[in-house]
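Data file: model_31.cif. Format and content: mmCIF, C-alpha atoms.
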```cif
data_upload
loop_
_atom_site.label_atom_id
_atom_site.label_comp_id
_atom_site.auth_asym_id
_atom_site.auth_seq_id
_atom_site.Cartn_x
_atom_site.Cartn_y
_atom_site.Cartn_z
CA MET G 1 -24.46 15.07 34.79
CA GLY G 2 -24.68 14.08 31.11
CA PHE G 3 -21.44 13.73 29.14
CA ARG G 4 -22.03 16.75 26.91
CA ALA G 5 -22.75 18.98 29.91
CA ALA G 6 -19.72 17.59 31.73
CA LEU G 7 -17.58 18.19 28.66
CA ILE G 8 -18.74 21.82 28.40
CA VAL G 9 -17.83 22.36 32.05
CA LEU G 10 -14.50 20.59 31.56
CA CYS G 11 -13.66 22.69 28.50
CA ALA G 12 -14.50 25.84 30.48
CA ILE G 13 -12.14 24.73 33.24
CA VAL G 14 -9.39 24.03 30.72
CA ALA G 15 -10.00 27.34 28.95
CA SER G 16 -9.74 29.25 32.23
CA SER G 17 -6.40 27.60 33.05
CA VAL G 18 -4.85 28.02 29.59
CA PRO G 19 -3.22 31.33 28.73
CA PRO G 20 -5.06 33.32 26.02
CA PRO G 21 -3.86 33.20 22.40
CA LEU G 22 -0.64 35.15 22.01
CA ALA G 23 -0.36 38.00 19.51
CA ALA G 24 2.85 37.89 17.49
CA ALA G 25 3.96 39.43 14.23
CA PRO G 26 5.67 37.09 11.75
CA SER G 27 9.04 38.72 12.45
CA GLU G 28 8.77 38.21 16.21
CA ALA G 29 9.97 35.17 18.11
CA LEU G 30 7.15 33.09 19.52
CA PRO G 31 7.24 32.53 23.29
CA GLN G 32 7.61 29.11 24.82
CA ALA G 33 4.46 27.06 25.15
CA SER G 34 2.86 26.55 28.56
CA SER G 35 3.78 23.31 30.30
CA ALA G 36 0.75 23.79 32.59
CA ALA G 37 -1.60 24.02 29.63
CA ALA G 38 0.01 20.97 28.01
CA LEU G 39 -0.36 19.02 31.23
CA GLN G 40 -4.03 19.99 31.45
CA HIS G 41 -4.70 18.63 27.96
CA VAL G 42 -2.91 15.36 28.74
CA THR G 43 -4.91 15.08 31.96
CA VAL G 44 -8.20 15.41 30.08
CA LEU G 45 -7.23 12.98 27.34
CA SER G 46 -5.57 10.26 29.42
CA GLN G 47 -7.52 10.50 32.69
CA GLN G 48 -10.89 12.14 32.03
CA ILE G 49 -11.46 10.35 28.72
CA GLY G 50 -8.96 7.52 29.19
CA PRO G 51 -8.22 4.80 26.61
CA ARG G 52 -9.28 6.03 23.15
CA PRO G 53 -9.42 3.05 20.78
CA THR G 54 -10.42 3.82 17.22
CA GLY G 55 -14.17 3.77 16.62
CA SER G 56 -15.08 3.63 20.32
CA PRO G 57 -17.30 6.12 22.21
CA ALA G 58 -14.12 7.51 23.81
CA ASP G 59 -12.76 8.17 20.31
CA GLY G 60 -15.83 10.32 19.65
CA ARG G 61 -15.45 12.17 22.98
CA THR G 62 -11.84 12.93 22.09
CA ALA G 63 -12.89 14.45 18.77
CA THR G 64 -15.44 16.64 20.56
CA TYR G 65 -12.80 17.86 22.99
CA LEU G 66 -10.36 18.76 20.20
CA ALA G 67 -13.05 20.59 18.25
CA GLU G 68 -13.97 22.62 21.35
CA GLN G 69 -10.35 23.59 21.92
CA PHE G 70 -9.78 24.70 18.32
CA GLN G 71 -13.01 26.70 18.35
CA GLN G 72 -11.99 28.50 21.54
CA LEU G 73 -8.78 29.55 19.77
CA GLY G 74 -10.84 31.06 16.95
CA TYR G 75 -10.11 28.43 14.32
CA THR G 76 -12.53 27.07 11.77
CA VAL G 77 -13.03 23.41 12.63
CA GLN G 78 -13.51 20.57 10.17
CA ARG G 79 -14.37 17.04 11.23
CA GLN G 80 -13.21 14.69 8.51
CA ALA G 81 -14.98 11.34 8.89
CA PHE G 82 -13.67 8.16 7.31
CA PRO G 83 -14.57 4.46 7.46
CA ILE G 84 -12.61 2.07 9.66
CA LEU G 85 -12.72 -1.55 10.68
CA PHE G 86 -13.46 -1.50 14.40
CA PHE G 87 -11.72 -4.19 16.43
CA ASP G 88 -12.35 -5.31 19.97
CA GLU G 89 -11.73 -8.30 22.19
CA THR G 90 -14.99 -9.63 23.55
CA ALA G 91 -12.91 -11.42 26.19
CA PRO G 92 -9.21 -11.36 27.05
CA PRO G 93 -7.26 -14.05 25.17
CA THR G 94 -6.03 -17.04 27.13
CA VAL G 95 -2.75 -18.76 26.35
CA ASN G 96 -2.00 -21.87 28.38
CA ILE G 97 0.91 -24.27 28.15
CA VAL G 98 -0.59 -27.74 28.44
CA GLY G 99 2.68 -29.69 28.48
CA PRO G 100 5.36 -30.58 29.34
CA GLN G 101 4.56 -28.36 32.34
CA ALA G 102 1.29 -26.43 32.71
CA ALA G 103 1.51 -22.63 32.78
CA ALA G 104 -0.67 -19.64 31.93
CA LEU G 105 0.87 -16.82 29.85
CA ARG G 106 -0.29 -13.23 29.73
CA ALA G 107 -1.25 -12.28 26.16
CA LEU G 108 -2.86 -9.62 23.98
CA ALA G 109 -4.65 -10.29 20.72
CA LEU G 110 -3.06 -8.46 17.80
CA ILE G 111 -5.49 -5.92 16.32
CA TYR G 112 -7.58 -7.62 13.60
CA SER G 113 -6.70 -11.10 14.80
CA ALA G 114 -9.13 -13.81 13.78
CA ALA G 115 -10.95 -15.56 16.62
CA THR G 116 -10.66 -19.19 17.60
CA SER G 117 -13.78 -21.27 17.95
CA SER G 118 -15.59 -20.86 21.25
CA GLU G 119 -13.85 -24.03 22.46
CA GLY G 120 -10.43 -22.62 21.58
CA LEU G 121 -7.69 -24.65 19.91
CA GLU G 122 -4.95 -26.87 21.21
CA ALA G 123 -1.86 -27.74 19.20
CA GLU G 124 1.85 -28.38 19.24
CA VAL G 125 4.10 -25.30 19.15
CA LEU G 126 6.85 -24.85 16.57
CA ASP G 127 9.60 -22.20 16.74
CA ALA G 128 9.61 -20.19 13.50
CA ASP G 129 12.23 -17.58 14.43
CA LEU G 130 11.22 -14.18 12.94
CA GLY G 131 8.36 -15.52 10.83
CA ARG G 132 10.04 -14.84 7.49
CA GLU G 133 9.30 -17.04 4.49
CA GLU G 134 12.66 -18.78 4.88
CA ASP G 135 11.92 -19.50 8.54
CA PHE G 136 9.06 -21.80 7.51
CA ARG G 137 10.88 -23.73 4.80
CA GLY G 138 11.25 -27.42 5.55
CA LYS G 139 9.11 -27.23 8.68
CA ARG G 140 5.86 -29.10 9.26
CA LEU G 141 3.41 -26.36 10.31
CA GLU G 142 0.09 -27.97 9.40
CA GLY G 143 -2.22 -27.64 12.39
CA ARG G 144 0.55 -26.31 14.64
CA ILE G 145 0.97 -23.00 16.47
CA ALA G 146 3.87 -20.91 15.14
CA LEU G 147 6.00 -19.12 17.74
CA VAL G 148 7.74 -16.09 16.19
CA GLN G 149 9.78 -13.21 17.51
CA ARG G 150 8.81 -9.58 16.91
CA GLY G 151 11.12 -7.64 14.60
CA GLN G 152 12.45 -7.10 11.04
CA ILE G 153 9.11 -7.56 9.26
CA ARG G 154 5.56 -6.47 10.03
CA PHE G 155 3.21 -8.50 12.18
CA SER G 156 0.89 -8.91 9.20
CA VAL G 157 3.65 -10.49 7.11
CA LYS G 158 4.64 -12.90 9.88
CA VAL G 159 1.04 -14.02 10.34
CA ALA G 160 0.39 -14.31 6.60
CA ASN G 161 3.56 -16.39 6.17
CA ALA G 162 2.47 -18.69 9.00
CA ALA G 163 -1.01 -19.09 7.53
CA THR G 164 0.45 -19.93 4.11
CA ALA G 165 2.64 -22.57 5.77
CA GLY G 166 -0.46 -24.16 7.31
CA ALA G 167 -0.21 -22.93 10.91
CA SER G 168 -3.41 -22.86 12.94
CA ALA G 169 -2.37 -19.80 15.00
CA VAL G 170 0.58 -17.50 15.70
CA VAL G 171 2.10 -16.45 19.02
CA VAL G 172 4.45 -13.47 18.70
CA TYR G 173 6.84 -12.75 21.55
CA ASN G 174 8.14 -9.26 22.15
CA ASN G 175 11.71 -8.23 21.32
CA GLN G 176 12.05 -5.92 24.32
CA PRO G 177 11.48 -6.32 28.05
CA GLY G 178 8.18 -5.67 29.77
CA PRO G 179 4.61 -6.83 29.29
CA PRO G 180 3.20 -7.76 25.87
CA GLN G 181 2.35 -4.73 23.73
CA ALA G 182 -0.49 -4.18 21.32
CA GLY G 183 0.22 -4.29 17.61
CA THR G 184 -1.87 -4.20 14.47
CA LEU G 185 -2.19 -6.57 11.55
CA VAL G 186 -3.70 -3.65 9.52
CA GLU G 187 -6.40 -5.96 8.13
CA PRO G 188 -8.18 -9.12 9.35
CA SER G 189 -6.00 -12.21 9.51
CA GLN G 190 -6.83 -15.74 8.44
CA ILE G 191 -5.68 -17.28 11.72
CA PRO G 192 -5.62 -16.13 15.38
CA ALA G 193 -2.57 -14.12 16.44
CA VAL G 194 -1.54 -12.99 19.92
CA MET G 195 1.49 -11.37 21.55
CA ILE G 196 3.26 -12.50 24.71
CA SER G 197 6.19 -11.01 26.60
CA GLN G 198 9.84 -11.36 25.67
CA ASP G 199 10.55 -13.37 28.85
CA ASP G 200 7.76 -15.86 28.18
CA GLY G 201 8.77 -16.21 24.54
CA GLU G 202 12.43 -16.82 25.28
CA ARG G 203 11.52 -19.42 27.91
CA LEU G 204 9.32 -21.18 25.37
CA VAL G 205 12.18 -21.25 22.86
CA GLN G 206 14.41 -22.91 25.47
CA VAL G 207 11.77 -25.51 26.32
CA LEU G 208 11.19 -26.24 22.62
CA ARG G 209 14.88 -26.97 22.16
CA ALA G 210 14.53 -29.73 24.74
CA GLY G 211 11.33 -31.25 23.42
CA THR G 212 7.67 -30.83 22.52
CA VAL G 213 5.37 -28.10 23.82
CA ARG G 214 1.61 -28.15 23.55
CA MET G 215 -0.42 -24.98 23.92
CA ARG G 216 -4.10 -24.16 24.30
CA LEU G 217 -5.30 -20.85 22.85
CA ASN G 218 -8.63 -19.05 23.07
CA VAL G 219 -9.15 -15.76 21.24
CA SER G 220 -12.51 -13.98 21.10
CA THR G 221 -12.65 -10.88 18.87
CA THR G 222 -15.12 -8.60 17.10
CA ILE G 223 -14.44 -6.85 13.78
CA GLU G 224 -17.05 -4.53 12.29
CA ARG G 225 -17.33 -1.44 10.11
CA ARG G 226 -17.54 1.91 11.89
CA THR G 227 -16.27 5.47 11.39
CA SER G 228 -13.56 7.55 12.99
CA GLN G 229 -12.48 11.11 12.23
CA ASN G 230 -9.69 13.62 11.93
CA VAL G 231 -10.31 16.93 13.68
CA ILE G 232 -8.77 19.90 11.88
CA GLY G 233 -8.28 23.43 13.22
CA ILE G 234 -7.85 25.64 10.15
CA LYS G 235 -5.78 28.84 10.11
CA ARG G 236 -6.35 30.31 6.66
CA GLY G 237 -3.39 31.86 4.87
CA THR G 238 -3.56 35.44 3.65
CA ARG G 239 -1.66 35.21 0.32
CA THR G 240 -1.52 31.57 -0.79
CA PRO G 241 -4.31 29.83 1.15
CA ASN G 242 -4.27 26.77 -1.12
CA GLU G 243 -0.76 25.96 0.09
CA ILE G 244 -0.96 24.11 3.41
CA VAL G 245 1.37 23.37 6.30
CA VAL G 246 0.21 20.56 8.61
CA VAL G 247 0.94 20.24 12.33
CA GLY G 248 -0.49 16.98 13.59
CA GLY G 249 -0.44 14.09 16.01
CA HIS G 250 -2.71 11.10 16.53
CA ALA G 251 -5.39 11.35 19.21
CA ASP G 252 -6.30 7.65 19.51
CA SER G 253 -4.72 5.07 21.78
CA VAL G 254 -4.76 1.29 21.98
CA ARG G 255 -7.67 -0.15 23.94
CA GLN G 256 -5.75 -1.29 27.03
CA SER G 257 -3.78 1.93 27.59
CA PRO G 258 -4.67 5.45 28.79
CA GLY G 259 -2.16 6.60 26.18
CA ALA G 260 -0.60 9.49 28.13
CA ASN G 261 2.65 9.53 26.17
CA ASP G 262 1.25 7.68 23.15
CA ASN G 263 -0.19 10.02 22.20
CA ALA G 264 -1.96 12.44 24.51
CA SER G 265 1.43 14.15 24.77
CA GLY G 266 1.64 14.81 21.03
CA THR G 267 -2.01 15.85 20.85
CA ALA G 268 -1.47 18.32 23.70
CA ALA G 269 1.55 19.72 21.86
CA VAL G 270 -0.57 20.22 18.71
CA LEU G 271 -3.15 22.16 20.75
CA GLU G 272 -0.43 24.30 22.34
CA ALA G 273 1.20 24.98 18.96
CA ALA G 274 -2.22 26.08 17.72
CA ARG G 275 -2.53 28.49 20.64
CA LEU G 276 0.89 29.99 20.00
CA LEU G 277 0.02 30.71 16.36
CA ALA G 278 -3.62 31.72 16.83
CA ARG G 279 -3.01 35.45 16.25
CA THR G 280 -0.07 35.22 13.90
CA THR G 281 -0.64 36.07 10.24
CA THR G 282 0.77 33.57 7.76
CA ALA G 283 0.80 33.58 3.97
CA ARG G 284 0.00 29.89 3.77
CA THR G 285 -2.78 28.01 5.50
CA ILE G 286 -1.94 25.89 8.55
CA HIS G 287 -3.95 22.81 9.48
CA PHE G 288 -3.65 21.67 13.09
CA ILE G 289 -4.86 18.06 13.13
CA GLY G 290 -5.73 15.43 15.70
CA PHE G 291 -5.55 12.33 13.52
CA GLY G 292 -7.81 9.36 14.13
CA ALA G 293 -7.02 5.68 13.63
CA GLU G 294 -3.23 5.86 13.75
CA GLU G 295 -2.98 2.80 15.96
CA ILE G 296 -4.71 0.56 13.44
CA GLY G 297 -2.42 1.49 10.56
CA LEU G 298 -2.16 5.30 9.98
CA VAL G 299 -5.67 5.25 8.54
CA GLY G 300 -6.67 8.83 9.42
CA SER G 301 -3.53 10.53 8.14
CA ARG G 302 -3.61 8.47 4.95
CA PHE G 303 -7.23 9.46 4.37
CA TYR G 304 -6.37 13.13 4.90
CA VAL G 305 -3.49 12.99 2.40
CA GLN G 306 -5.51 11.11 -0.20
CA ASN G 307 -8.38 13.60 0.08
CA ARG G 308 -6.37 16.83 0.30
CA THR G 309 -7.87 19.81 -1.52
CA GLY G 310 -4.78 22.03 -1.53
CA THR G 311 -1.03 21.62 -1.95
CA ILE G 312 0.62 20.42 1.26
CA VAL G 313 4.11 21.94 1.41
CA GLY G 314 5.27 20.41 4.69
CA MET G 315 4.20 18.42 7.72
CA VAL G 316 5.24 18.38 11.39
CA ASN G 317 4.24 15.24 13.30
CA MET G 318 4.35 14.88 17.09
CA ASP G 319 4.05 11.40 18.56
CA MET G 320 5.31 10.50 22.06
CA VAL G 321 6.90 13.78 23.15
CA GLY G 322 6.65 13.41 26.93
CA ARG G 323 9.72 11.38 27.94
CA GLY G 324 13.40 11.33 27.09
CA PRO G 325 15.57 13.68 25.03
CA MET G 326 14.01 15.67 22.19
CA GLN G 327 14.65 14.20 18.74
CA VAL G 328 13.74 15.15 15.18
CA GLY G 329 13.73 12.64 12.36
CA ASN G 330 11.93 11.22 9.35
CA SER G 331 11.97 8.23 7.05
CA GLY G 332 11.80 9.90 3.63
CA GLY G 333 14.69 10.78 1.35
CA ASP G 334 14.38 14.53 2.02
CA THR G 335 16.57 15.69 4.91
CA SER G 336 15.78 19.40 4.45
CA PRO G 337 12.97 19.28 7.06
CA LEU G 338 15.51 18.00 9.60
CA ASP G 339 17.93 20.79 8.72
CA LEU G 340 15.14 23.31 9.23
CA ALA G 341 14.13 21.73 12.54
CA GLU G 342 17.71 21.86 13.81
CA ARG G 343 18.09 25.54 12.84
CA VAL G 344 14.81 26.45 14.53
CA ALA G 345 15.67 24.42 17.65
CA SER G 346 19.03 26.18 17.90
CA ARG G 347 17.31 29.55 17.64
CA LEU G 348 14.93 28.55 20.44
CA ASP G 349 17.77 27.10 22.54
CA ILE G 350 16.15 23.65 22.44
CA THR G 351 18.59 20.74 22.34
CA VAL G 352 17.67 18.14 19.74
CA SER G 353 19.32 15.15 18.12
CA THR G 354 18.44 13.75 14.72
CA PHE G 355 17.52 10.22 13.73
CA ARG G 356 16.51 8.36 10.59
CA LEU G 357 13.85 5.65 10.45
CA ARG G 358 14.12 2.65 8.15
CA GLU G 359 10.40 2.09 8.48
CA ALA G 360 8.00 4.73 9.78
CA ALA G 361 5.11 3.80 12.04
CA SER G 362 3.61 7.21 12.70
CA ASP G 363 1.51 9.70 10.76
CA HIS G 364 4.34 11.55 9.01
CA ALA G 365 4.81 8.39 6.91
CA SER G 366 1.48 9.00 5.14
CA PHE G 367 2.83 12.34 3.95
CA GLU G 368 6.28 11.11 2.99
CA GLN G 369 4.74 8.33 0.93
CA ALA G 370 2.96 11.03 -1.06
CA GLY G 371 6.22 12.93 -1.61
CA ILE G 372 5.48 15.59 1.03
CA PRO G 373 8.42 16.71 3.22
CA ALA G 374 7.89 15.89 6.88
CA VAL G 375 9.63 16.07 10.23
CA PHE G 376 8.82 13.84 13.19
CA ILE G 377 9.26 15.35 16.68
CA HIS G 378 9.73 12.54 19.16
CA THR G 379 11.35 11.85 22.54
CA GLY G 380 12.39 8.27 21.99
CA ASP G 381 11.20 4.76 22.76
CA ASP G 382 9.06 4.16 25.82
CA GLU G 383 8.74 0.70 27.34
CA ALA G 384 5.27 1.54 28.67
CA ILE G 385 3.58 2.39 25.38
CA HIS G 386 0.58 0.24 24.48
CA THR G 387 0.34 -0.88 28.11
CA PRO G 388 -1.70 0.24 31.14
CA ALA G 389 1.53 1.78 32.50
CA ASP G 390 1.47 4.65 29.98
CA VAL G 391 0.14 7.11 32.54
CA LEU G 392 0.30 10.84 33.22
CA ASN G 393 2.71 10.93 36.15
CA ARG G 394 5.53 9.48 34.04
CA LEU G 395 5.60 12.49 31.72
CA ASN G 396 7.64 15.68 31.71
CA PRO G 397 5.29 18.57 30.79
CA GLN G 398 8.25 20.79 29.92
CA LEU G 399 9.22 18.41 27.12
CA ILE G 400 5.69 18.60 25.72
CA ALA G 401 5.87 22.40 25.85
CA GLN G 402 9.22 22.36 24.07
CA ALA G 403 7.79 20.15 21.34
CA ALA G 404 4.90 22.60 20.91
CA SER G 405 7.24 25.59 20.71
CA LEU G 406 9.45 23.83 18.17
CA ALA G 407 6.49 22.71 16.05
CA ALA G 408 4.90 26.18 16.08
CA ALA G 409 8.14 27.88 15.04
CA ILE G 410 8.78 25.34 12.24
CA ALA G 411 5.22 25.70 10.98
CA ARG G 412 5.35 29.48 11.02
CA GLU G 413 8.60 29.50 9.04
CA LEU G 414 7.14 27.12 6.46
CA ALA G 415 3.88 29.09 6.30
CA THR G 416 5.51 32.50 5.79
CA ARG G 417 7.86 31.55 2.96
#
```
Rewrite the structure of this file - the entire thing - as structure tokens.
Amino acid sequence: MGFRAALIVLCAIVASSVPPPLAAAPSEALPQASSAAALQHVTVLSQQIGPRPTGSPADGRTATYLAEQFQQLGYTVQRQAFPILFFDETAPPTVNIVGPQAAALRALALIYSAATSSEGLEAEVLDADLGREEDFRGKRLEGRIALVQRGQIRFSVKVANAATAGASAVVVYNNQPGPPQAGTLVEPSQIPAVMISQDDGERLVQVLRAGTVRMRLNVSTTIERRTSQNVIGIKRGTRTPNEIVVVGGHADSVRQSPGANDNASGTAAVLEAARLLARTTTARTIHFIGFGAEEIGLVGSRFYVQNRTGTIVGMVNMDMVGRGPMQVGNSGGDTSPLDLAERVASRLDITVSTFRLREAASDHASFEQAGIPAVFIHTGDDEAIHTPADVLNRLNPQLIAQAASLAAAIARELATR
């Protein structure tokens, strides 16, 4: 069966298992979202489609699925295409300790890492702490491989600092347990950069304190121009349609992960919120959005904000809502969205805690940077994100349904003011 035919059948199956759009007057309380419907969406995204790296064929299949779902709810659908730099590993990176004792380390190339030559490179390793400018002062980096710990500053800054100091490559070790996780440099780097696990990195630091370590690195990557897209389900407002409330979450994943929690869970919650509000009249327009290209640097949400045609009055972002306690937070200076979220959660009898981010790494940041109030619905850190272990059976569908109910109620309140 061809993909398009299979997708039509799959959408029909999903439609038959999802409750119909619910009619509700603005003064009425919206019912809870369906955990079964949320689970069905996550199943399609993480298992039927699977890993959804930006610019890949799976990225396009995801957009088609979202468009079908919005259309079935009666929404006008807009596909907003934008250019991206596609990144892929043409072969898994190899990181081998040559001496004093041979060992092979598991590694991932950072997104937009430069490649080594086909022969790879071999060099002495030097510990550069967190990769800050001051961590390179007085150290001889020329031709060496810089070992740096994740944290405090962006990957791109660490790698740029190492390149400026003359390093031939960078090995970043994680700052939390578990396997190495994918990360992005946002734009192509001058030198190869990979990530290894916290355990491997800390062992390397100990060995370096005792003497010299030589490492052999081989990184094979492809970087080329492609397109991705945001998929928007549009609910037009009745009185002030040029004023817009956004409910969104990113639909892409990193290439080595099925992305069940990050972020099929948030995407499923967006679709459920859209269903809850499908027959509710609102004064303002609501855009339900599956953002593209979040994992490579919030590209899709930034493109949407920069190309907005109306006045965005508020944004609700859902990213990783399938595990742990429900939280609401943001990273802007405006705490009023958090106050609103807490009031709405209390009314719905949903327990939430609040948090503040020093540095945002999800799509609400694109809105806050443009001065638009935003609230981030989240269920906390997950050690499996960006790894093959981010799978469906780890998730709690009831949490996803709660996130959808909370987002829908917040959006309706913002859209009826």
Residues within 12 Å of G:Arg154, all atoms listed in the file, excluding chain neighbours under 6 positions, as a PyMOL selection string | chain G and resi 110+130-132+148+160-161+172+183-186+297+359-361
Tell me, in Å to one decimal, how far atom CA of G:Leu45 is from atom CA of G:Lys235.
->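 Atom CA of G:Lys235 lies 23.5 Å from atom CA of G:Leu45.
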Using 6 Å of padding on each side, determine the axis-aligned box around all atoms of stretch 244-262 of chain G present in the file and give its centre and edge lengths in Å to one decimal, as AutoDock Vina command-line options.
```
--center_x -2.5 --center_y 11.4 --center_z 16.1 --size_x 22.3 --size_y 37.4 --size_z 37.4
```
List, as a list in words, every residue that the PyMOL selection byres ((chain G and resi 367) around 9) selects in the file provided.
-> Ser301, Arg302, Val305, Ile312, Gly314, Met315, Asp363, His364, Ala365, Ser366, Glu368, Gln369, Ala370, Gly371, Ile372, Pro373 and Ala374 of chain G
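If all atoms listed in the file are the atoms counted, then among G:Gly380, G:Gly166, G:Pro83, G:Gly233 the closest residue to G:Ala273 is G:Gly233.
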With distances taken over all atoms listed in the file, which of G:Ser405, G:Gln71, G:Ser336, G:Asn317 is nearest to G:Leu348?
->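 Closest candidate: G:Ser405.
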Translate the PyMOL selection byres ((chain G and resi 229) around 8), as applied to the file shown, into an explicit residue set as a short mmCIF file (atom, residue, chain, number, x, y, z; two decimals) with C-alpha atoms, keeping the file's coordinate frame.
```
data_model
loop_
_atom_site.label_atom_id
_atom_site.label_comp_id
_atom_site.auth_asym_id
_atom_site.auth_seq_id
_atom_site.Cartn_x
_atom_site.Cartn_y
_atom_site.Cartn_z
CA ALA G 63 -12.89 14.45 18.77
CA ARG G 79 -14.37 17.04 11.23
CA GLN G 80 -13.21 14.69 8.51
CA ALA G 81 -14.98 11.34 8.89
CA PHE G 82 -13.67 8.16 7.31
CA THR G 227 -16.27 5.47 11.39
CA SER G 228 -13.56 7.55 12.99
CA ASN G 230 -9.69 13.62 11.93
CA VAL G 231 -10.31 16.93 13.68
CA PHE G 291 -5.55 12.33 13.52
CA GLY G 292 -7.81 9.36 14.13
CA ALA G 293 -7.02 5.68 13.63
CA GLY G 300 -6.67 8.83 9.42
#
```
